[in-house]
$ cat target.pdb   # PDB, C-alpha atoms and all ligand atoms
ATOM      1  CA  MET A   1       0.000   0.000   0.000
ATOM      2  CA  ILE A   2       1.236   3.482  -0.859
ATOM      3  CA  ASP A   3       2.455   5.615   2.049
ATOM      4  CA  GLU A   4      -0.004   8.391   2.945
ATOM      5  CA  LYS A   5       2.238   9.937   5.602
ATOM      6  CA  PRO A   6       3.774  13.284   4.628
ATOM      7  CA  TYR A   7       7.444  13.332   3.737
ATOM      8  CA  SER A   8       9.778  14.605   6.469
ATOM      9  CA  ARG A   9      10.883  18.244   6.295
ATOM     10  CA  LEU A  10      14.342  17.132   5.199
ATOM     11  CA  THR A  11      12.956  15.021   2.339
ATOM     12  CA  ILE A  12      10.753  17.929   1.210
ATOM     13  CA  LEU A  13      13.777  20.247   1.293
ATOM     14  CA  LEU A  14      15.851  17.843  -0.818
ATOM     15  CA  LYS A  15      12.969  17.374  -3.249
ATOM     16  CA  TYR A  16      12.531  21.133  -3.456
ATOM     17  CA  LEU A  17      16.233  21.653  -4.230
ATOM     18  CA  ARG A  18      16.042  19.026  -6.968
ATOM     19  CA  TYR A  19      12.932  20.748  -8.357
ATOM     20  CA  TYR A  20      14.544  24.179  -8.130
ATOM     21  CA  PHE A  21      17.656  23.256 -10.071
ATOM     22  CA  SER A  22      15.866  21.191 -12.723
ATOM     23  CA  SER A  23      12.864  23.513 -13.285
ATOM     24  CA  LYS A  24      12.702  25.599 -16.444
ATOM     25  CA  GLY A  25      12.280  29.265 -17.298
ATOM     26  CA  LYS A  26      10.489  30.752 -20.302
ATOM     27  CA  HIS A  27      13.416  30.386 -22.732
ATOM     28  CA  SER A  28      13.110  26.619 -22.864
ATOM     29  CA  VAL A  29       9.329  26.592 -23.375
ATOM     30  CA  HIS A  30       7.755  26.355 -26.831
ATOM     31  CA  SER A  31       4.088  26.084 -25.891
ATOM     32  CA  PRO A  32       2.448  29.533 -26.440
ATOM     33  CA  LEU A  33      -0.003  28.844 -23.598
ATOM     34  CA  VAL A  34       2.773  28.082 -21.128
ATOM     35  CA  PHE A  35       4.937  30.957 -22.417
ATOM     36  CA  ASP A  36       2.026  33.359 -21.733
ATOM     37  CA  PHE A  37       1.466  31.743 -18.335
ATOM     38  CA  ILE A  38       5.102  32.385 -17.381
ATOM     39  CA  ASN A  39       5.032  35.996 -18.616
ATOM     40  CA  GLN A  40       1.672  36.904 -17.176
ATOM     41  CA  VAL A  41       1.583  34.856 -13.973
ATOM     42  CA  VAL A  42       4.874  33.333 -12.847
ATOM     43  CA  ASN A  43       7.092  36.325 -13.637
ATOM     44  CA  VAL A  44       4.660  39.023 -12.476
ATOM     45  CA  ALA A  45       5.335  40.734  -9.138
ATOM     46  CA  HIS A  46       2.575  39.785  -6.754
ATOM     47  CA  ASN A  47       2.861  42.000  -3.700
ATOM     48  CA  ALA A  48       0.038  44.321  -4.666
ATOM     49  CA  ILE A  49      -2.595  41.573  -4.787
ATOM     50  CA  ASN A  50      -5.149  41.591  -1.978
ATOM     51  CA  PRO A  51      -3.199  43.203   0.911
ATOM     52  CA  SER A  52      -6.311  43.291   3.120
ATOM     53  CA  ALA A  53      -6.454  39.470   3.082
ATOM     54  CA  GLU A  54      -3.031  39.547   4.710
ATOM     55  CA  TYR A  55      -4.408  41.660   7.577
ATOM     56  CA  GLU A  56      -6.987  38.913   8.082
ATOM     57  CA  ARG A  57      -4.231  36.282   8.041
ATOM     58  CA  LYS A  58      -2.327  38.224  10.729
ATOM     59  CA  ARG A  59      -5.484  38.599  12.822
ATOM     60  CA  LEU A  60      -6.110  34.825  12.647
ATOM     61  CA  GLU A  61      -2.472  34.014  13.399
ATOM     62  CA  SER A  62      -2.722  35.859  16.683
ATOM     63  CA  SER A  63      -6.202  34.613  17.677
ATOM     64  CA  GLN A  64      -6.217  32.663  20.962
ATOM     65  CA  LYS A  65      -9.788  31.447  20.354
ATOM     66  CA  THR A  66     -10.274  27.657  20.409
ATOM     67  CA  ILE A  67     -12.713  25.915  18.064
ATOM     68  CA  ASP A  68     -13.772  22.374  17.084
ATOM     69  CA  PHE A  69     -11.725  20.903  14.262
ATOM     70  CA  ILE A  70     -12.573  17.567  12.624
ATOM     71  CA  ASP A  71      -9.533  15.612  11.521
ATOM     72  CA  PHE A  72     -10.790  14.505   8.073
ATOM     73  CA  GLY A  73      -8.764  11.902   6.266
ATOM     74  CA  LYS A  74      -6.932  10.749   9.393
ATOM     75  CA  SER A  75      -8.755   9.836  12.628
ATOM     76  CA  GLY A  76     -12.065  11.527  11.731
ATOM     77  CA  LYS A  77     -12.214  12.683  15.369
ATOM     78  CA  THR A  78     -13.070  16.166  16.605
ATOM     79  CA  TYR A  79     -10.313  18.062  18.367
ATOM     80  CA  GLN A  80     -10.087  21.468  19.974
ATOM     81  CA  LYS A  81      -7.652  23.669  18.096
ATOM     82  CA  LYS A  82      -6.532  27.249  18.461
ATOM     83  CA  ILE A  83      -7.353  29.389  15.451
ATOM     84  CA  LYS A  84      -3.777  30.646  15.442
ATOM     85  CA  SER A  85      -2.510  27.087  15.025
ATOM     86  CA  ILE A  86      -4.874  26.428  12.092
ATOM     87  CA  ALA A  87      -3.864  29.760  10.537
ATOM     88  CA  LYS A  88      -0.166  28.995  10.842
ATOM     89  CA  ASN A  89      -0.314  25.370   9.692
ATOM     90  CA  SER A  90      -3.180  24.874   7.235
ATOM     91  CA  LEU A  91      -3.326  27.947   5.011
ATOM     92  CA  LYS A  92      -1.532  28.399   1.742
ATOM     93  CA  SER A  93       1.301  30.882   2.252
ATOM     94  CA  ARG A  94       0.992  34.448   1.044
ATOM     95  CA  LYS A  95       3.260  33.704  -1.941
ATOM     96  CA  TYR A  96       1.044  30.857  -3.190
ATOM     97  CA  ALA A  97      -2.259  32.530  -2.302
ATOM     98  CA  GLN A  98      -1.073  35.454  -4.411
ATOM     99  CA  LEU A  99      -0.082  33.054  -7.182
ATOM    100  CA  LEU A 100      -3.665  31.749  -7.191
ATOM    101  CA  GLY A 101      -4.898  35.349  -7.320
ATOM    102  CA  LYS A 102      -2.654  36.001 -10.328
ATOM    103  CA  ILE A 103      -3.910  32.829 -12.041
ATOM    104  CA  VAL A 104      -7.491  34.046 -11.601
ATOM    105  CA  GLN A 105      -6.573  37.461 -13.004
ATOM    106  CA  HIS A 106      -4.868  35.834 -16.004
ATOM    107  CA  LEU A 107      -7.358  33.084 -16.859
ATOM    108  CA  LYS A 108     -10.494  35.029 -15.859
ATOM    109  CA  PRO A 109     -12.658  32.084 -14.723
ATOM    110  CA  LYS A 110     -16.248  33.016 -13.900
ATOM    111  CA  ARG A 111     -17.049  30.071 -11.655
ATOM    112  CA  ILE A 112     -14.553  28.601  -9.205
ATOM    113  CA  ILE A 113     -14.771  25.699  -6.785
ATOM    114  CA  GLU A 114     -12.356  25.136  -3.894
ATOM    115  CA  LEU A 115     -12.196  21.881  -1.920
ATOM    116  CA  GLY A 116     -10.854  22.746   1.548
ATOM    117  CA  THR A 117     -11.840  26.229   2.710
ATOM    118  CA  SER A 118     -10.140  26.217   6.104
ATOM    119  CA  LEU A 119     -10.216  29.818   7.404
ATOM    120  CA  GLY A 120     -11.045  31.230   3.983
ATOM    121  CA  VAL A 121      -7.922  33.340   3.401
ATOM    122  CA  THR A 122      -6.987  31.653   0.119
ATOM    123  CA  THR A 123     -10.662  31.694  -0.905
ATOM    124  CA  SER A 124     -10.534  35.477  -0.651
ATOM    125  CA  TYR A 125      -7.725  35.506  -3.238
ATOM    126  CA  LEU A 126      -9.797  33.311  -5.557
ATOM    127  CA  ALA A 127     -12.724  35.729  -5.070
ATOM    128  CA  TYR A 128     -10.618  38.875  -5.348
ATOM    129  CA  ASP A 129     -12.403  39.899  -8.561
ATOM    130  CA  LYS A 130     -15.978  40.560  -7.427
ATOM    131  CA  SER A 131     -17.456  39.296 -10.721
ATOM    132  CA  VAL A 132     -16.185  35.767  -9.972
ATOM    133  CA  SER A 133     -18.458  33.400  -8.065
ATOM    134  CA  VAL A 134     -16.713  30.981  -5.705
ATOM    135  CA  THR A 135     -18.117  27.820  -4.152
ATOM    136  CA  THR A 136     -15.960  26.403  -1.377
ATOM    137  CA  LEU A 137     -16.357  23.176   0.617
ATOM    138  CA  GLU A 138     -15.277  22.640   4.210
ATOM    139  CA  GLY A 139     -15.921  19.771   6.598
ATOM    140  CA  SER A 140     -15.439  21.483   9.951
ATOM    141  CA  GLU A 141     -18.462  23.665  10.745
ATOM    142  CA  GLN A 142     -16.709  25.958  13.212
ATOM    143  CA  VAL A 143     -13.724  26.469  10.903
ATOM    144  CA  ALA A 144     -16.142  27.477   8.128
ATOM    145  CA  GLN A 145     -17.808  29.967  10.493
ATOM    146  CA  GLU A 146     -14.454  31.698  11.005
ATOM    147  CA  ALA A 147     -14.005  31.814   7.217
ATOM    148  CA  GLN A 148     -17.396  33.537   6.868
ATOM    149  CA  GLN A 149     -16.160  36.231   9.258
ATOM    150  CA  VAL A 150     -13.043  36.743   7.118
ATOM    151  CA  TRP A 151     -15.162  37.295   3.974
ATOM    152  CA  LYS A 152     -17.507  39.595   5.888
ATOM    153  CA  ASN A 153     -14.527  41.700   6.999
ATOM    154  CA  LEU A 154     -13.251  41.762   3.403
ATOM    155  CA  LYS A 155     -16.742  42.582   2.047
ATOM    156  CA  LEU A 156     -16.768  39.535  -0.236
ATOM    157  CA  SER A 157     -20.354  38.483  -0.753
ATOM    158  CA  GLN A 158     -20.016  36.216  -3.797
ATOM    159  CA  ILE A 159     -18.612  33.217  -1.871
ATOM    160  CA  LYS A 160     -20.870  30.257  -1.109
ATOM    161  CA  CYS A 161     -19.530  27.903   1.570
ATOM    162  CA  ILE A 162     -20.948  24.380   1.869
ATOM    163  CA  THR A 163     -20.103  22.449   5.012
ATOM    164  CA  GLY A 164     -19.852  18.673   5.406
ATOM    165  CA  ASP A 165     -17.607  15.812   4.360
ATOM    166  CA  PHE A 166     -16.698  16.069   0.640
ATOM    167  CA  ASN A 167     -18.090  12.524   0.331
ATOM    168  CA  HIS A 168     -21.520  13.965   1.153
ATOM    169  CA  THR A 169     -21.346  17.399  -0.460
ATOM    170  CA  LEU A 170     -19.294  17.114  -3.641
ATOM    171  CA  ASN A 171     -21.592  15.018  -5.856
ATOM    172  CA  GLU A 172     -24.410  17.553  -5.639
ATOM    173  CA  VAL A 173     -22.156  20.578  -6.158
ATOM    174  CA  ALA A 174     -20.312  18.893  -9.052
ATOM    175  CA  LYS A 175     -23.537  18.839 -11.092
ATOM    176  CA  GLU A 176     -22.606  22.434 -11.891
ATOM    177  CA  SER A 177     -19.821  23.264 -14.297
ATOM    178  CA  PHE A 178     -16.762  25.183 -13.082
ATOM    179  CA  ASP A 179     -14.058  27.068 -14.974
ATOM    180  CA  LEU A 180     -11.431  26.619 -12.267
ATOM    181  CA  VAL A 181     -11.179  23.831  -9.697
ATOM    182  CA  TYR A 182      -8.802  24.124  -6.738
ATOM    183  CA  ILE A 183      -8.350  20.902  -4.741
ATOM    184  CA  ASP A 184      -6.774  21.592  -1.335
ATOM    185  CA  GLY A 185      -8.255  19.071   1.092
ATOM    186  CA  ASN A 186      -7.747  15.400   1.926
ATOM    187  CA  HIS A 187      -4.246  15.072   0.488
ATOM    188  CA  ARG A 188      -4.302  11.394  -0.418
ATOM    189  CA  CYS A 189      -4.106   9.569  -3.729
ATOM    190  CA  GLU A 190      -7.471   7.837  -3.972
ATOM    191  CA  PRO A 191      -9.688  10.716  -2.787
ATOM    192  CA  THR A 192      -7.747  13.192  -4.940
ATOM    193  CA  LEU A 193      -8.320  11.085  -8.066
ATOM    194  CA  ALA A 194     -11.965  10.557  -7.096
ATOM    195  CA  TYR A 195     -12.517  14.359  -6.731
ATOM    196  CA  PHE A 196     -10.860  14.879 -10.108
ATOM    197  CA  ASP A 197     -13.116  12.262 -11.740
ATOM    198  CA  THR A 198     -16.242  13.710 -10.142
ATOM    199  CA  LEU A 199     -15.393  17.246 -11.185
ATOM    200  CA  THR A 200     -14.332  16.410 -14.757
ATOM    201  CA  LYS A 201     -17.782  14.950 -15.510
ATOM    202  CA  ASN A 202     -19.413  18.368 -15.898
ATOM    203  CA  SER A 203     -16.343  20.415 -16.668
ATOM    204  CA  HIS A 204     -15.695  21.909 -20.101
ATOM    205  CA  LYS A 205     -12.569  21.857 -22.234
ATOM    206  CA  LYS A 206     -11.300  25.168 -20.823
ATOM    207  CA  THR A 207     -11.676  24.099 -17.159
ATOM    208  CA  ILE A 208      -8.400  24.363 -15.260
ATOM    209  CA  PHE A 209      -7.619  22.088 -12.297
ATOM    210  CA  ILE A 210      -5.169  23.110  -9.589
ATOM    211  CA  PHE A 211      -3.932  20.509  -7.110
ATOM    212  CA  ASP A 212      -2.318  21.533  -3.872
ATOM    213  CA  ASP A 213       0.768  19.918  -2.328
ATOM    214  CA  ILE A 214       1.511  17.481  -5.152
ATOM    215  CA  HIS A 215       4.836  16.524  -3.509
ATOM    216  CA  TYR A 216       3.489  16.310   0.058
ATOM    217  CA  SER A 217       3.684  12.491   0.383
ATOM    218  CA  PRO A 218       4.295   9.351  -1.706
ATOM    219  CA  SER A 219       0.520   9.095  -2.016
ATOM    220  CA  MET A 220       0.128  12.626  -3.435
ATOM    221  CA  GLU A 221       3.044  12.101  -5.818
ATOM    222  CA  LYS A 222       1.328   8.957  -7.058
ATOM    223  CA  ALA A 223      -1.888  10.945  -7.610
ATOM    224  CA  TRP A 224       0.011  13.641  -9.542
ATOM    225  CA  LYS A 225       1.748  11.031 -11.709
ATOM    226  CA  GLN A 226      -1.564   9.349 -12.517
ATOM    227  CA  ILE A 227      -3.234  12.658 -13.315
ATOM    228  CA  LYS A 228      -0.427  13.560 -15.737
ATOM    229  CA  ASN A 229      -0.900  10.207 -17.479
ATOM    230  CA  ARG A 230      -4.668  10.501 -17.847
ATOM    231  CA  PRO A 231      -5.728  10.578 -21.516
ATOM    232  CA  GLU A 232      -8.025  13.584 -20.934
ATOM    233  CA  VAL A 233      -5.148  15.654 -19.503
ATOM    234  CA  SER A 234      -3.166  17.738 -21.975
ATOM    235  CA  ILE A 235      -0.799  20.300 -20.414
ATOM    236  CA  THR A 236       0.404  20.109 -16.819
ATOM    237  CA  ILE A 237       2.615  22.554 -14.926
ATOM    238  CA  ASP A 238       4.443  21.487 -11.780
ATOM    239  CA  LEU A 239       5.293  24.482  -9.570
ATOM    240  CA  PHE A 240       6.273  22.124  -6.728
ATOM    241  CA  PHE A 241       3.742  23.331  -4.127
ATOM    242  CA  ILE A 242       0.912  23.279  -6.644
ATOM    243  CA  GLY A 243       0.223  21.489  -9.922
ATOM    244  CA  ILE A 244      -1.907  22.958 -12.713
ATOM    245  CA  VAL A 245      -3.774  20.865 -15.256
ATOM    246  CA  TRP A 246      -5.415  21.681 -18.596
ATOM    247  CA  ILE A 247      -7.847  19.191 -20.125
ATOM    248  CA  ASP A 248      -8.325  21.014 -23.431
ATOM    249  CA  PRO A 249      -7.968  18.294 -26.137
ATOM    250  CA  SER A 250      -6.805  20.875 -28.712
ATOM    251  CA  LEU A 251      -3.531  21.255 -26.760
ATOM    252  CA  SER A 252      -0.705  18.742 -27.235
ATOM    253  CA  LYS A 253       0.096  16.608 -24.239
ATOM    254  CA  GLU A 254       3.143  17.985 -22.407
ATOM    255  CA  ASN A 255       4.351  18.184 -18.783
ATOM    256  CA  PHE A 256       6.288  21.232 -17.604
ATOM    257  CA  VAL A 257       8.244  21.842 -14.418
ATOM    258  CA  LEU A 258       8.561  25.600 -13.978
ATOM    259  CA  ARG A 259      10.467  27.571 -11.388
ATOM    260  CA  TYR A 260       8.384  29.816  -9.135
TER     261      TYR A 260
HETATM  262  C1  LIG B 301      -5.122  22.545   3.806
HETATM  263  S1  LIG B 301      -6.663  23.049   4.429
HETATM  264  C2  LIG B 301      -7.249  24.180   3.216
HETATM  265  C3  LIG B 301      -6.497  25.449   3.189
HETATM  266  C4  LIG B 301      -7.124  26.539   2.385
HETATM  267  N1  LIG B 301      -7.425  26.159   1.024
HETATM  268  C5  LIG B 301      -6.196  27.731   2.370
HETATM  269  O1  LIG B 301      -5.170  27.708   1.669
HETATM  270  O2  LIG B 301      -6.468  28.703   3.070
HETATM  271  C6  LIG B 301      -7.670  21.644   4.104
HETATM  272  C7  LIG B 301      -9.077  21.760   4.629
HETATM  273  O3  LIG B 301      -9.846  20.720   4.032
HETATM  274  C8  LIG B 301     -10.746  20.209   4.978
HETATM  275  N2  LIG B 301     -11.008  18.788   4.627
HETATM  276  C9  LIG B 301     -10.090  17.799   4.473
HETATM  277  N3  LIG B 301     -10.686  16.663   4.143
HETATM  278  C10 LIG B 301     -12.023  16.915   4.067
HETATM  279  C11 LIG B 301     -13.158  16.129   3.753
HETATM  280  N4  LIG B 301     -13.055  14.839   3.440
HETATM  281  N5  LIG B 301     -14.363  16.737   3.763
HETATM  282  C12 LIG B 301     -14.475  18.048   4.074
HETATM  283  N6  LIG B 301     -13.438  18.857   4.391
HETATM  284  C13 LIG B 301     -12.220  18.287   4.386
HETATM  285  C14 LIG B 301     -10.050  20.337   6.325
HETATM  286  O4  LIG B 301     -11.006  20.452   7.364
HETATM  287  C15 LIG B 301      -9.200  21.599   6.132
HETATM  288  O5  LIG B 301      -9.831  22.721   6.676
END

$ encode --input "target.pdb" --output "structure tokens" --more "lines below"
Ligand SMILES: C[S@@+](CC[C@H](N)C(=O)[O-])C[C@H]1O[C@@H](n2cnc3c(N)ncnc32)[C@H](O)[C@@H]1O
Amino acid sequence: MIDEKPYSRLTILLKYLRYYFSSKGKHSVHSPLVFDFINQVVNVAHNAINPSAEYERKRLESSQKTIDFIDFGKSGKTYQKKIKSIAKNSLKSRKYAQLLGKIVQHLKPKRIIELGTSLGVTTSYLAYDKSVSVTTLEGSEQVAQEAQQVWKNLKLSQIKCITGDFNHTLNEVAKESFDLVYIDGNHRCEPTLAYFDTLTKNSHKKTIFIFDDIHYSPSMEKAWKQIKNRPEVSITIDLFFIGIVWIDPSLSKENFVLRY
């Protein structure tokens, strides 16, 4: 059975160094789509995107409040956790939240779905453009309540949060079609592939899939490898902490590893 435990910090560091020195820049890329992606996303300064979300991150990182947190994917038990610990350990970093914001600005999706809301900071980057509608799924009720407060503070009203185990909520939501899918919850091979299958059913050829933490564990690396080999997948970009997937059949199949 494939190991679902995360790699140690040392292994991740060594993997990252290998990625860093083997990843490519724009001069070795011939695909026009990927060339544009590098010029308009990867190489664009990001600091100006959504500074108010970072105030919310700081507020959460210093919150001493304790809430119920359900450990999905592992024990399934409910634990008490400090918000500051969730904020420091579960959220995508500012650099990658801003990358997602830049991807949304570049690709201009109208309908986005996120699996794994947590405290809603990254969701606020996905919903930075007010014309975009975002559906986000979270299992822990009290965590989702804190996310709602974040969006209220940021005056983001176009986010719909659905609470419950993905196994109970996703099928219904996936009847809709999305332009961008961000999968950042339950980092294991089988569920990740199952979410991909469920969400491709009603997707369209321009739908983009983004997978979080593709090098987190042997299990997630197996999922990423299988996704790259799927016949419906054309272009993939590995940015180490996230992987991006195009399913447009008019694009030739190619896998890129780009430095970010
Ligand atoms: C890594 S966090 C998401 C972080 C968030 N996208 C961000 O960057 O701010 C993953 C979240 O997914 C939720 N989750 C994991 N497995 C789940 C499942 N099977 N059903 C519902 N929620 C789940 C967890 O409760 C957790 O809050």

$ axis_aligned_box --input "target.pdb" --around "ligand LIG 301 (chain B)" --padding-each-side "8 Å" --output "JSON"
{"center_x": -9.8, "center_y": 21.8, "center_z": 4.2, "size_x": 25.4, "size_y": 29.9, "size_z": 22.3}

$ residues_around --input "target.pdb" --residues "region 65-81 of chain A" --least-positions-apart "6" --cutoff "9 Å" --atoms "only C-alpha atoms" --output "MDAnalysis selection string"
chainID A and resid 139:143 165 185:188

$ resolve_selection --input "target.pdb" --expression "the PyMOL selection byres (((chain A and resi 108) around 10) and not hetatm)" --output "ChimeraX atom specification"
/A:102-107,109-111,129,131-132,179-180

$ atom_distance --input "target.pdb" --atom1 "atom C14 of ligand LIG 301 (chain B)" --atom2 "CA of Ile227 (chain A)"
22.2 Å

$ closest_residue --input "target.pdb" --among "A:Lys201, A:Arg18, A:His215, A:Lys88" --to "Glu4 (chain A)" --atoms "all atoms listed in the file"
A:His215

$ residues_around --input "target.pdb" --residues "Lys175 (chain A)" --least-positions-apart "4" --cutoff "12 Å" --atoms "all atoms listed in the file" --output "PyMOL selection string"
chain A and resi 113+169-171+198-203

$ resolve_selection --input "target.pdb" --expression "the PyMOL selection byres (((chain A and resi 99) around 10) and not hetatm)" --output "mmCIF file with C-alpha atoms, in the frame of the given file"
data_model
loop_
_atom_site.group_PDB
_atom_site.id
_atom_site.type_symbol
_atom_site.label_atom_id
_atom_site.label_comp_id
_atom_site.auth_asym_id
_atom_site.auth_seq_id
_atom_site.Cartn_x
_atom_site.Cartn_y
_atom_site.Cartn_z
ATOM 1 C CA VAL A 41 1.583 34.856 -13.973
ATOM 2 C CA VAL A 42 4.874 33.333 -12.847
ATOM 3 C CA VAL A 44 4.660 39.023 -12.476
ATOM 4 C CA ALA A 45 5.335 40.734 -9.138
ATOM 5 C CA HIS A 46 2.575 39.785 -6.754
ATOM 6 C CA ILE A 49 -2.595 41.573 -4.787
ATOM 7 C CA SER A 93 1.301 30.882 2.252
ATOM 8 C CA ARG A 94 0.992 34.448 1.044
ATOM 9 C CA LYS A 95 3.260 33.704 -1.941
ATOM 10 C CA TYR A 96 1.044 30.857 -3.190
ATOM 11 C CA ALA A 97 -2.259 32.530 -2.302
ATOM 12 C CA GLN A 98 -1.073 35.454 -4.411
ATOM 13 C CA LEU A 100 -3.665 31.749 -7.191
ATOM 14 C CA GLY A 101 -4.898 35.349 -7.320
ATOM 15 C CA LYS A 102 -2.654 36.001 -10.328
ATOM 16 C CA ILE A 103 -3.910 32.829 -12.041
ATOM 17 C CA VAL A 104 -7.491 34.046 -11.601
ATOM 18 C CA GLN A 105 -6.573 37.461 -13.004
ATOM 19 C CA TYR A 125 -7.725 35.506 -3.238
ATOM 20 C CA LEU A 126 -9.797 33.311 -5.557
ATOM 21 C CA ILE A 242 0.912 23.279 -6.644
ATOM 22 C CA TYR A 260 8.384 29.816 -9.135
#

$ closest_residue --input "target.pdb" --among "A:Lys253, A:Val245, A:Ser22, A:Ile183" --to "Pro231 (chain A)" --atoms "all atoms listed in the file"
A:Lys253

$ resolve_selection --input "target.pdb" --expression "the PyMOL selection byres (((chain A and resi 3) around 10) and not hetatm)" --output "list in words"
Met1, Ile2, Glu4, Lys5, Pro6, Tyr7, Arg188, Cys189, Ser217, Pro218, Ser219, Met220 and Lys222 of chain A

$ closest_residue --input "target.pdb" --among "A:Pro191, A:Gly164, A:Gly243, A:Gly116" --to "Ile214 (chain A)" --atoms "all atoms listed in the file"
A:Gly243

$ atom_distance --input "target.pdb" --atom1 "CA of Lys228 (chain A)" --atom2 "CA of Phe256 (chain A)"
10.4 Å

$ closest_residue --input "target.pdb" --among "A:Glu56, A:Glu61, A:Asp212, A:Asp197" --to "ligand LIG 301 (chain B)" --atoms "all atoms listed in the file"
A:Asp212

$ atom_distance --input "target.pdb" --atom1 "CA of Cys161 (chain A)" --atom2 "atom C11 of ligand LIG 301 (chain B)"
13.6 Å

$ closest_residue --input "target.pdb" --among "A:Ser28, A:Thr163, A:Ser52, A:Asn39" --to "ligand LIG 301 (chain B)" --atoms "all atoms listed in the file"
A:Thr163

$ closest_residue --input "target.pdb" --among "A:Ser157, A:Asn229, A:Thr117, A:Ser252" --to "ligand LIG 301 (chain B)" --atoms "only C-alpha atoms and all ligand atoms"
A:Thr117

$ residues_around --input "target.pdb" --residues "region 118-122 of chain A" --least-positions-apart "4" --cutoff "7 Å" --atoms "all atoms listed in the file" --output "PyMOL selection string"
chain A and resi 53+57+92+97+126+138+143-144+146-147+150
